[in-house]
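Visitor: Pasting protein_17.cif here (mmCIF, C-alpha atoms):
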```cif
data_target
loop_
_atom_site.label_atom_id
_atom_site.label_comp_id
_atom_site.auth_asym_id
_atom_site.auth_seq_id
_atom_site.Cartn_x
_atom_site.Cartn_y
_atom_site.Cartn_z
CA MET A 1 27.84 51.94 -97.86
CA ASN A 2 26.07 49.70 -95.40
CA ARG A 3 28.28 50.39 -92.42
CA ILE A 4 25.55 50.85 -89.84
CA GLY A 5 25.60 47.21 -88.83
CA GLY A 6 29.40 46.93 -88.68
CA VAL A 7 31.84 47.60 -85.86
CA TRP A 8 31.90 51.18 -84.59
CA THR A 9 34.58 53.09 -82.78
CA THR A 10 34.71 56.28 -80.75
CA ILE A 11 36.53 59.48 -81.59
CA GLY A 12 37.20 61.99 -78.83
CA TRP A 13 39.25 65.09 -79.43
CA GLN A 14 39.19 68.49 -77.69
CA HIS A 15 35.96 67.46 -75.90
CA VAL A 16 34.23 66.75 -79.21
CA TYR A 17 32.99 63.19 -79.08
CA LEU A 18 31.29 61.00 -81.70
CA GLU A 19 31.00 57.40 -82.84
CA VAL A 20 31.91 56.33 -86.36
CA PRO A 21 32.46 53.08 -88.33
CA GLU A 22 35.71 51.38 -87.32
CA GLU A 23 37.42 51.90 -90.70
CA TRP A 24 37.25 55.67 -90.32
CA SER A 25 40.17 57.27 -88.56
CA ILE A 26 41.71 60.68 -88.10
CA GLY A 27 43.03 62.08 -91.38
CA ALA A 28 43.70 65.66 -90.29
CA VAL A 29 43.63 67.49 -86.99
CA SER A 30 44.53 71.05 -86.10
CA GLY A 31 43.83 73.86 -83.66
CA ASP A 32 42.99 73.74 -79.97
CA TYR A 33 39.95 73.58 -77.73
CA THR A 34 38.63 77.00 -78.80
CA THR A 35 39.10 76.77 -82.55
CA GLY A 36 39.98 73.63 -84.43
CA TYR A 37 39.39 71.15 -87.20
CA LEU A 38 39.10 67.39 -87.33
CA ARG A 39 38.72 65.21 -90.39
CA LEU A 40 38.03 61.49 -90.45
CA ASP A 41 38.83 59.45 -93.56
CA ASP A 42 38.21 55.94 -94.73
CA SER A 43 40.61 54.32 -97.20
CA GLU A 44 39.12 56.23 -100.13
CA MET A 45 37.94 59.67 -99.12
CA PRO A 46 37.20 62.09 -96.27
CA ARG A 47 34.07 60.95 -94.43
CA VAL A 48 33.54 63.39 -91.57
CA GLU A 49 34.58 67.01 -91.23
CA ILE A 50 34.20 68.88 -87.95
CA ARG A 51 35.12 72.49 -87.41
CA TRP A 52 34.65 74.30 -84.11
CA GLU A 53 35.03 77.90 -83.07
CA PRO A 54 33.78 80.21 -80.33
CA SER A 55 30.22 81.45 -80.82
CA LYS A 56 30.32 85.16 -81.49
CA GLY A 57 28.27 87.94 -83.03
CA ASN A 58 24.54 88.22 -83.45
CA GLU A 59 24.34 86.02 -86.51
CA THR A 60 21.84 83.19 -86.00
CA VAL A 61 22.71 79.56 -86.78
CA ASP A 62 20.35 79.76 -89.71
CA GLN A 63 22.23 82.74 -91.14
CA VAL A 64 25.61 81.03 -90.72
CA VAL A 65 24.35 77.97 -92.63
CA GLU A 66 22.95 80.28 -95.31
CA ARG A 67 26.34 81.95 -95.63
CA PHE A 68 28.17 78.60 -95.81
CA LEU A 69 25.87 77.24 -98.50
CA ASP A 70 26.10 80.50 -100.49
CA THR A 71 29.90 80.21 -100.48
CA LEU A 72 29.61 76.60 -101.60
CA LEU A 73 27.32 77.63 -104.47
CA LYS A 74 29.59 80.47 -105.54
CA LYS A 75 32.58 78.13 -105.64
CA SER A 76 30.62 75.55 -107.61
CA ARG A 77 29.53 78.07 -110.26
CA LYS A 78 33.11 78.34 -111.41
CA LYS A 79 33.13 74.64 -112.11
CA SER A 80 30.25 72.76 -113.65
CA PRO A 81 27.87 71.13 -112.79
CA PRO A 82 26.02 72.98 -110.01
CA ILE A 83 25.44 71.91 -106.42
CA LYS A 84 21.95 71.00 -105.24
CA ILE A 85 21.03 71.98 -101.70
CA ARG A 86 18.29 70.93 -99.28
CA ARG A 87 17.65 72.45 -95.87
CA ASN A 88 15.57 71.99 -92.73
CA LEU A 89 16.25 68.28 -92.39
CA THR A 90 15.75 66.39 -89.14
CA LEU A 91 19.13 64.78 -88.58
CA VAL A 92 19.11 65.12 -84.79
CA LYS A 93 16.03 63.83 -83.04
CA ASP A 94 17.24 63.32 -79.46
CA SER A 95 15.68 66.01 -77.30
CA LYS A 96 18.59 65.81 -74.84
CA GLN A 97 20.98 66.75 -77.61
CA LEU A 98 18.82 69.65 -78.66
CA GLU A 99 18.74 71.07 -75.12
CA ASP A 100 20.77 74.27 -74.83
CA ARG A 101 21.72 74.08 -78.50
CA SER A 102 20.53 75.75 -81.69
CA VAL A 103 20.78 73.30 -84.57
CA GLU A 104 20.43 73.76 -88.33
CA SER A 105 20.78 70.81 -90.73
CA PHE A 106 21.45 70.66 -94.46
CA HIS A 107 22.28 68.36 -97.36
CA TRP A 108 24.20 69.13 -100.54
CA LYS A 109 25.21 67.09 -103.54
CA THR A 110 27.29 67.58 -106.63
CA GLU A 111 26.94 65.94 -110.00
CA GLY A 112 29.54 65.12 -112.58
CA ASP A 113 32.33 62.56 -112.94
CA ASP A 114 32.83 61.89 -109.25
CA PRO A 115 29.68 63.12 -107.53
CA ILE A 116 29.63 63.44 -103.76
CA GLN A 117 27.04 64.39 -101.17
CA ALA A 118 27.09 65.55 -97.58
CA TYR A 119 24.67 65.65 -94.68
CA GLY A 120 25.65 68.21 -92.15
CA LEU A 121 24.65 70.47 -89.36
CA LEU A 122 25.75 73.54 -87.57
CA TRP A 123 25.13 73.72 -83.88
CA ARG A 124 25.74 76.33 -81.28
CA CYS A 125 26.09 75.19 -77.69
CA GLU A 126 25.18 77.58 -74.92
CA ILE A 127 27.08 75.57 -72.29
CA CYS A 128 30.53 75.34 -73.86
CA GLY A 129 30.10 78.44 -76.02
CA ARG A 130 31.32 76.75 -79.17
CA THR A 131 29.81 76.55 -82.62
CA LEU A 132 30.30 73.20 -84.33
CA PHE A 133 30.10 72.63 -88.05
CA VAL A 134 29.84 68.93 -88.90
CA GLN A 135 29.33 67.22 -92.24
CA ILE A 136 29.25 63.54 -93.18
CA LEU A 137 30.37 62.91 -96.74
CA GLY A 138 29.67 60.08 -99.13
CA ARG A 139 29.51 59.22 -102.79
CA LEU A 140 26.26 59.95 -104.60
CA GLY A 141 24.96 56.39 -104.86
CA GLU A 142 25.57 55.64 -101.18
CA THR A 143 22.88 55.78 -98.50
CA VAL A 144 24.44 58.42 -96.34
CA GLN A 145 21.43 59.77 -94.44
CA PRO A 146 20.88 56.87 -91.99
CA LEU A 147 24.61 56.77 -91.32
CA ALA A 148 24.74 60.54 -90.80
CA THR A 149 21.76 60.37 -88.45
CA ARG A 150 23.43 57.69 -86.36
CA ILE A 151 26.77 59.51 -86.23
CA LEU A 152 25.15 62.83 -85.36
CA SER A 153 23.05 61.19 -82.64
CA THR A 154 26.32 60.36 -80.82
CA LEU A 155 27.86 63.82 -81.25
CA ARG A 156 28.78 65.69 -78.04
CA ASP A 157 30.68 68.94 -77.73
CA HIS A 158 31.41 68.95 -74.01
CA PRO A 159 31.79 66.29 -71.34
CA GLU A 160 28.75 65.40 -69.28
CA ASP A 161 30.74 65.06 -66.05
CA GLU A 162 34.18 66.05 -64.76
CA THR A 163 36.04 63.79 -67.14
CA ALA A 164 36.58 64.17 -70.87
CA ILE A 165 36.99 61.24 -73.24
CA TRP A 166 39.94 61.28 -75.62
CA SER A 167 39.90 58.62 -78.28
CA VAL A 168 42.20 58.39 -81.31
CA TYR A 169 43.24 55.50 -83.55
CA GLY A 170 41.63 52.95 -81.26
CA MET A 171 43.27 54.27 -78.07
CA ARG A 172 40.76 55.66 -75.60
CA PHE A 173 41.26 57.23 -72.19
CA LYS A 174 39.65 59.63 -69.76
CA LEU A 175 41.17 62.75 -68.28
CA SER A 176 39.94 65.53 -66.09
CA ALA A 177 38.01 68.07 -68.17
CA GLN A 178 40.37 70.75 -66.81
CA ASP A 179 43.44 69.17 -68.45
CA THR A 180 44.43 70.79 -71.71
CA LEU A 181 46.23 69.27 -74.66
CA LYS A 182 49.82 70.48 -74.79
CA SER A 183 51.15 68.56 -77.78
CA HIS A 184 50.56 65.45 -79.82
CA LYS A 185 52.48 63.36 -82.32
CA PHE A 186 50.73 60.83 -84.51
CA LEU A 187 53.51 58.83 -86.09
CA THR A 188 53.26 55.50 -87.85
CA GLY A 189 53.80 53.02 -85.07
CA ARG A 190 53.76 55.54 -82.24
CA LEU A 191 51.23 57.93 -80.72
CA THR A 192 52.27 60.48 -78.11
CA ILE A 193 49.80 62.80 -76.45
CA CYS A 194 50.80 65.26 -73.74
CA PHE A 195 48.44 67.16 -71.42
CA THR A 196 48.91 69.96 -68.93
CA GLY A 197 47.03 69.78 -65.65
CA ASP A 198 46.81 72.26 -62.78
CA ASP A 199 50.30 71.52 -61.47
CA ASP A 200 51.54 68.62 -63.56
CA GLN A 201 51.92 67.09 -66.98
CA ILE A 202 50.58 63.77 -68.22
CA GLU A 203 52.06 62.03 -71.22
CA ILE A 204 50.55 58.96 -72.87
CA ASP A 205 52.56 56.92 -75.34
CA ARG A 206 51.42 53.99 -77.46
CA TYR A 207 53.79 51.88 -79.52
CA SER A 208 52.39 49.60 -82.22
CA LEU A 209 54.18 46.49 -83.51
CA ALA A 210 55.13 45.50 -79.98
CA GLU A 211 56.93 42.31 -81.02
CA THR A 212 59.14 44.28 -83.40
CA GLN A 213 59.71 46.96 -80.74
CA LEU A 214 60.73 44.41 -78.12
CA ASP A 215 62.94 42.59 -80.62
CA GLY A 216 63.41 39.59 -78.36
CA ALA A 217 63.85 41.59 -75.13
CA SER A 218 61.45 41.29 -72.21
CA PHE A 219 58.96 44.04 -71.51
CA ASP A 220 60.81 44.99 -68.30
CA GLU A 221 64.06 45.49 -70.23
CA TRP A 222 62.28 47.57 -72.86
CA TYR A 223 60.60 49.66 -70.15
CA GLU A 224 63.88 50.26 -68.36
CA GLU A 225 65.59 51.31 -71.58
CA ARG A 226 63.05 54.09 -72.01
CA GLY A 227 63.40 55.24 -68.42
CA ILE A 228 63.78 58.85 -67.36
CA GLY A 229 65.41 60.45 -64.30
CA THR A 230 66.49 58.65 -61.13
CA VAL A 231 64.24 55.78 -60.13
CA GLU A 232 63.61 55.61 -56.36
CA GLU A 233 60.88 53.02 -56.25
CA SER A 234 59.80 50.33 -58.64
CA ASP A 235 56.70 48.19 -58.35
CA GLU A 236 54.52 45.85 -60.33
CA LEU A 237 51.11 46.91 -61.62
CA ARG A 238 49.06 44.45 -59.65
CA ASP A 239 45.87 46.40 -59.54
CA ASP A 240 42.89 44.34 -60.71
CA SER A 241 41.71 47.12 -62.96
CA PHE A 242 44.74 46.63 -65.20
CA ARG A 243 44.07 43.86 -67.65
CA HIS A 244 47.78 43.42 -68.33
CA PRO A 245 50.77 42.99 -66.02
CA GLY A 246 53.06 45.99 -66.04
CA VAL A 247 55.60 48.09 -64.20
CA LEU A 248 55.26 51.24 -62.11
CA THR A 249 58.23 53.44 -61.20
CA GLU A 250 58.64 56.63 -59.21
CA GLY A 251 61.54 59.00 -58.78
CA THR A 252 62.90 62.41 -59.63
CA VAL A 253 63.72 64.02 -62.91
CA VAL A 254 65.25 67.34 -63.96
CA ASP A 255 62.49 69.86 -64.53
CA PRO A 256 62.49 70.38 -68.32
CA ALA A 257 61.45 74.02 -67.88
CA SER A 258 64.35 74.87 -65.55
CA ALA A 259 66.88 72.83 -67.56
CA SER A 260 66.37 74.90 -70.67
CA GLN A 261 66.52 78.32 -68.98
CA ARG A 262 69.37 80.71 -69.68
CA MET A 263 72.60 80.53 -67.68
CA ALA A 264 71.55 77.27 -66.07
CA TRP A 265 75.19 76.73 -65.09
CA LEU A 266 74.98 79.43 -62.39
CA PRO A 267 74.58 77.87 -58.92
CA TRP A 268 71.36 79.76 -58.15
CA ARG A 269 69.87 78.93 -61.53
CA ARG A 270 70.63 75.22 -61.43
CA PRO A 271 67.92 73.01 -62.86
CA LYS A 272 65.46 71.83 -60.25
CA ARG A 273 64.48 68.23 -59.75
CA ILE A 274 60.80 67.37 -59.72
CA ARG A 275 58.83 64.18 -59.11
CA PHE A 276 57.77 61.71 -61.74
CA GLU A 277 55.62 58.61 -61.77
CA ARG A 278 55.58 56.32 -64.74
CA CYS A 279 53.87 53.09 -65.63
CA GLY A 280 53.78 50.83 -68.65
CA TRP A 281 52.30 47.59 -69.85
CA TYR A 282 52.37 45.22 -72.78
CA CYS A 283 49.03 44.45 -74.41
CA VAL A 284 49.66 41.12 -76.09
CA ASP A 285 46.17 40.95 -77.63
CA GLY A 286 46.56 44.30 -79.33
CA ASN A 287 50.31 43.88 -80.02
CA LYS A 288 50.96 47.26 -78.43
CA LEU A 289 53.07 48.80 -75.67
CA TYR A 290 51.83 51.58 -73.43
CA LEU A 291 53.61 54.15 -71.28
CA VAL A 292 51.88 56.72 -69.09
CA ARG A 293 54.00 59.35 -67.37
CA ARG A 294 53.21 62.10 -64.90
CA ILE A 295 55.63 64.89 -64.00
CA GLY A 296 54.81 67.34 -61.20
CA THR A 297 56.27 69.26 -58.29
CA GLU A 298 54.63 66.85 -55.83
CA ALA A 299 54.28 63.08 -56.07
CA ASN A 300 50.78 61.93 -56.98
CA ARG A 301 50.67 58.24 -57.78
CA GLU A 302 46.87 58.14 -57.60
CA ARG A 303 46.49 60.61 -60.45
CA LEU A 304 48.78 58.56 -62.69
CA LEU A 305 46.95 55.35 -61.89
CA GLN A 306 43.59 57.04 -62.36
CA VAL A 307 44.52 58.01 -65.92
CA ALA A 308 46.30 54.72 -66.72
CA GLN A 309 43.30 52.69 -65.58
CA THR A 310 41.06 54.43 -68.10
CA VAL A 311 43.30 53.62 -71.07
CA THR A 312 41.48 51.12 -73.28
CA CYS A 313 44.01 49.26 -75.33
CA HIS A 314 41.90 47.04 -77.59
CA MET B 315 66.42 71.21 -118.78
CA ALA B 316 66.81 69.59 -122.20
CA LEU B 317 67.05 66.21 -120.50
CA MET B 318 63.83 66.91 -118.62
CA LEU B 319 62.00 67.39 -121.94
CA PHE B 320 62.88 63.92 -123.16
CA ARG B 321 62.44 62.15 -119.85
CA LYS B 322 59.54 59.71 -119.80
CA LYS B 323 56.85 60.97 -117.46
CA THR B 324 55.91 58.61 -114.61
CA PRO B 325 52.14 58.05 -114.75
CA GLN B 326 50.50 59.56 -111.68
CA LEU B 327 47.94 57.46 -109.82
CA ASP B 328 45.17 58.94 -107.75
CA ARG B 329 44.38 57.44 -104.37
CA ARG B 330 41.62 55.10 -105.56
CA GLU B 331 43.69 53.86 -108.47
CA LEU B 332 46.65 53.27 -106.20
CA LEU B 333 44.61 51.23 -103.71
CA LYS B 334 43.13 49.13 -106.51
CA SER B 335 46.45 48.65 -108.30
CA LYS B 336 48.34 45.37 -107.97
CA PRO B 337 51.98 45.63 -106.92
CA ILE B 338 54.22 43.20 -108.75
CA HIS B 339 57.91 42.29 -108.41
CA ASN B 340 60.40 43.44 -111.00
CA GLU B 341 60.82 40.31 -113.13
CA ARG B 342 64.53 40.99 -113.60
CA LEU B 343 65.18 40.65 -109.89
CA GLU B 344 66.29 37.45 -108.25
CA TRP B 345 64.94 36.80 -104.80
CA GLU B 346 64.60 33.91 -102.43
CA LYS B 347 62.88 33.19 -99.17
CA MET B 348 65.34 32.14 -96.48
CA ASP B 349 64.74 29.53 -93.79
CA ASP B 350 63.72 32.13 -91.21
CA GLY B 351 61.07 33.52 -93.58
CA GLU B 352 63.01 36.65 -94.48
CA VAL B 353 63.38 37.57 -98.12
CA MET B 354 66.77 38.15 -99.75
CA LEU B 355 66.84 40.28 -102.90
CA SER B 356 69.71 40.28 -105.37
CA ILE B 357 69.65 43.60 -107.15
CA PRO B 358 71.83 43.84 -110.25
CA ARG B 359 74.10 46.88 -110.12
CA ARG B 360 73.23 49.53 -112.66
CA ARG B 361 75.76 49.70 -115.46
CA SER B 362 76.82 53.15 -116.56
CA TRP B 363 79.94 54.43 -118.31
CA TRP B 364 81.53 55.68 -115.08
CA ILE B 365 80.84 52.43 -113.20
CA ASN B 366 82.41 50.52 -116.11
CA LEU B 367 85.39 52.85 -115.87
CA ILE B 368 85.76 52.32 -112.10
CA ALA B 369 85.32 48.56 -112.58
CA ARG B 370 88.51 48.53 -114.71
CA VAL B 371 90.54 49.62 -111.69
CA PHE B 372 88.53 48.45 -108.67
CA TYR B 373 86.36 45.49 -107.93
CA VAL B 374 82.69 46.45 -108.38
CA PRO B 375 80.22 43.71 -107.42
CA THR B 376 77.66 42.92 -110.09
CA LYS B 377 74.88 42.45 -107.55
CA ARG B 378 73.75 44.09 -104.35
CA THR B 379 72.05 41.96 -101.70
CA VAL B 380 69.23 43.30 -99.56
CA ILE B 381 67.56 41.32 -96.77
CA LEU B 382 64.05 42.42 -95.88
CA ASP B 383 62.82 42.18 -92.28
CA ASP B 384 59.71 40.22 -91.23
CA ILE B 385 57.22 42.91 -92.19
CA GLY B 386 59.04 43.80 -95.41
CA SER B 387 59.18 40.13 -96.36
CA MET B 388 55.48 39.72 -95.76
CA VAL B 389 54.67 42.73 -97.97
CA TRP B 390 57.11 41.46 -100.62
CA GLY B 391 55.40 38.07 -100.63
CA LEU B 392 52.06 39.74 -101.25
CA CYS B 393 53.36 41.80 -104.18
CA ASP B 394 52.69 39.02 -106.68
CA GLY B 395 50.53 40.92 -109.15
CA LYS B 396 47.39 39.23 -107.84
CA ASN B 397 46.79 41.16 -104.62
CA THR B 398 45.73 44.79 -104.70
CA VAL B 399 47.38 47.40 -102.45
CA ASP B 400 44.15 47.37 -100.44
CA VAL B 401 44.56 43.63 -99.80
CA VAL B 402 48.21 44.14 -98.75
CA ILE B 403 47.11 46.83 -96.27
CA SER B 404 44.36 44.61 -94.83
CA ALA B 405 46.74 41.65 -94.47
CA LEU B 406 49.32 43.77 -92.68
CA ARG B 407 46.65 45.26 -90.46
CA LYS B 408 45.36 41.84 -89.50
CA GLU B 409 48.75 40.25 -88.94
CA TYR B 410 50.29 43.03 -86.87
CA LYS B 411 47.06 44.33 -85.30
CA LEU B 412 47.54 47.79 -86.66
CA ASP B 413 45.07 50.59 -86.95
CA GLN B 414 43.74 51.16 -90.50
CA LYS B 415 45.59 54.46 -90.89
CA GLU B 416 48.84 53.12 -89.42
CA ALA B 417 48.77 50.13 -91.78
CA GLU B 418 47.85 52.29 -94.74
CA VAL B 419 50.51 54.96 -94.21
CA SER B 420 53.31 52.49 -93.53
CA THR B 421 52.38 50.16 -96.43
CA LEU B 422 52.05 52.98 -98.95
CA THR B 423 55.36 54.53 -97.85
CA TYR B 424 57.10 51.18 -98.08
CA LEU B 425 55.63 50.33 -101.51
CA LYS B 426 56.59 53.80 -102.74
CA GLN B 427 60.18 53.21 -101.59
CA LEU B 428 60.29 49.84 -103.36
CA ALA B 429 58.84 51.38 -106.52
CA GLU B 430 61.34 54.26 -106.47
CA LYS B 431 64.17 51.73 -106.33
CA GLY B 432 62.62 49.89 -109.26
CA LEU B 433 62.01 46.73 -107.25
CA ILE B 434 58.26 46.67 -107.86
CA GLY B 435 55.76 48.11 -110.29
CA PHE B 436 52.00 48.62 -110.12
CA ALA B 437 49.55 46.94 -112.49
CA VAL B 438 46.69 49.39 -113.01
CA THR B 439 43.34 48.71 -114.59
CA ARG B 440 42.10 51.72 -116.52
CA GLY B 441 39.34 52.42 -119.00
CA LYS B 442 35.99 50.82 -119.57
CA LYS B 443 37.33 47.67 -121.20
CA GLY B 444 39.46 46.80 -118.16
CA GLU B 445 42.72 47.63 -119.90
CA THR B 446 45.68 46.69 -117.69
CA ARG B 447 48.86 48.71 -117.74
CA LYS B 448 52.15 47.99 -116.02
#
```
Translate the structure of the given file into structure tokens.
Guide:
Amino acid sequence: MNRIGGVWTTIGWQHVYLEVPEEWSIGAVSGDYTTGYLRLDDSEMPRVEIRWEPSKGNETVDQVVERFLDTLLKKSRKKSPPIKIRRNLTLVKDSKQLEDRSVESFHWKTEGDDPIQAYGLLWRCEICGRTLFVQILGRLGETVQPLATRILSTLRDHPEDETAIWSVYGMRFKLSAQDTLKSHKFLTGRLTICFTGDDDQIEIDRYSLAETQLDGASFDEWYEERGIGTVEESDELRDDSFRHPGVLTEGTVVDPASASQRMAWLPWRRPKRIRFERCGWYCVDGNKLYLVRRIGTEANRERLLQVAQTVTCH
Amino acid sequence: MALMLFRKKTPQLDRRELLKSKPIHNERLEWEKMDDGEVMLSIPRRRSWWINLIARVFYVPTKRTVILDDIGSMVWGLCDGKNTVDVVISALRKEYKLDQKEAEVSTLTYLKQLAEKGLIGFAVTRGKKGETRK
């Protein structure tokens, strides 16, 4: 498993950030910022498991690791052969990472027909108040430790400035750390991630297989077909920071919250119209189409462009 | 229930076996590559007593024609019994610039659909002596 020299990619989810080999991508994701789970797989098996939860109780990190390994041992006793455990490893050396965090590392391995091993750590961050459990898995003959050390050296559990990095399936963007994830859909050929800000919503859409999606139509036609609301202004994305030509539209749309309320047919309960800004572009190199949409009570083109400019397509 | 007892069990493949297996066309199928690169399959209609009965009164075509799109045709072309599923995924990923997971999920779903319709099978190598089963 000599992946250290290969191409690496970033994963950013719920303010947990790490770098992993390019072939590893999200296999399972659940929960929210406070409590959640993220698993990264390669084509054969799970490679990274991350679980986060709020730090609570008086139990030390050392005791939590002890409890986890005890549970692992108990489970293994039911099946043969037993698990071998090592503790007090130095997987994280960076002093900056160890600041404000209690860290406890471990290694376990199984034997048998399909033996696996894992290097992991449990860390408790005083700044974000979360406890992270991370383990890097591999088959028994593989050299997992150097890989685990490199991955863990990139691990972050909260943003260092006002912006948080979100990075999934090769799509990376930055958002204000205050924005919270509202919903996400990871479909084959389409990713949709929606965030809630202070007074607005941001939605980012990525379509794969652009040529198939366009099906002979121009990007402008495709963009128009997926339009929402009443367009008042349409412009080209001419900003130098966009690597691809695109379209920007502004207008009004029916507020989804007021449209779905009860008795919306009554004159005083009629759905309200709110502002939207939307932009999209066609990344020919990556064969992908992007749409970024902002809906809010007030127009704020700068916020939309700020987010759209951070989207890394390929 | 009685029928279930005598039904031949489909061998189950684990993930590693599936990725290393080699998809291969059903030899009984006729197919051709058209000028635009798309593949046209001629699938013989299944003969059963009730279809034979209907065929006495109505016209029942003996073949069903299916035209695969660009991506489907590419995958079909790679299912020659020489390429593993892993190779098919990598080729699709490279050609359409897909993410590993996207390519994997869509290829496996598509191959599963083809296999369920009996259009392809998987050649699997099992055992120490490299025994190949189809």
Visitor: Please expand the PyMOL selection byres ((chain B) within 12 of (chain A)) into the concrete residues it hits in this file, giving the result as number ranges by chain.
Guide: B: 328-334, 383-385, 399-401, 403-404, 406-424
Visitor: Name the residues that the PyMOL selection byres ((chain A and resi 8-12) around 6) pulls out of this structure, and write them as a VMD selection string.
Guide: chain A and resid 7 13 16 to 22 165 to 168
Visitor: Carefully work through the PyMOL selection byres ((chain B and resi 352-355) around 10) for this structure and note down the residues it includes, as a ChimeraX atom specification.
Guide: /B:343-351,356-358,377-388,390-391,433
Visitor: In Å, how far is it from CA of Val134 in chain A to CA of Leu175 in chain A?
Guide: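 Separation between CA of Val134 in chain A and CA of Leu175 in chain A: 24.3 Å.
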Visitor: Excluding Thr230 in chain A and any residue of its chain fewer than 2 positions from it, enumerate the residues within 9 Å of it, using only C-alpha atoms, and give them as an NGL selection string.
Guide: :A and (227-228 or 232 or 250-253)
Visitor: Work out how far apart CA of Thr180 in chain A and CA of Glu162 in chain A are and give it in Å to one decimal.
Guide: 13.3 Å
Visitor: Restricting the calculation to only C-alpha atoms: of A:Ile50, A:Gly5, A:Phe68, A:Val29, which residue gets closest to Lys185 in chain A?
Guide: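 Between A:Ile50, A:Gly5, A:Phe68, A:Val29, the residue approaching Lys185 in chain A most closely is A:Val29.
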Visitor: What does the distance from CA of Val61 in chain A to CA of Arg124 in chain A come to in Å, to one decimal?
Guide: 7.1 Å
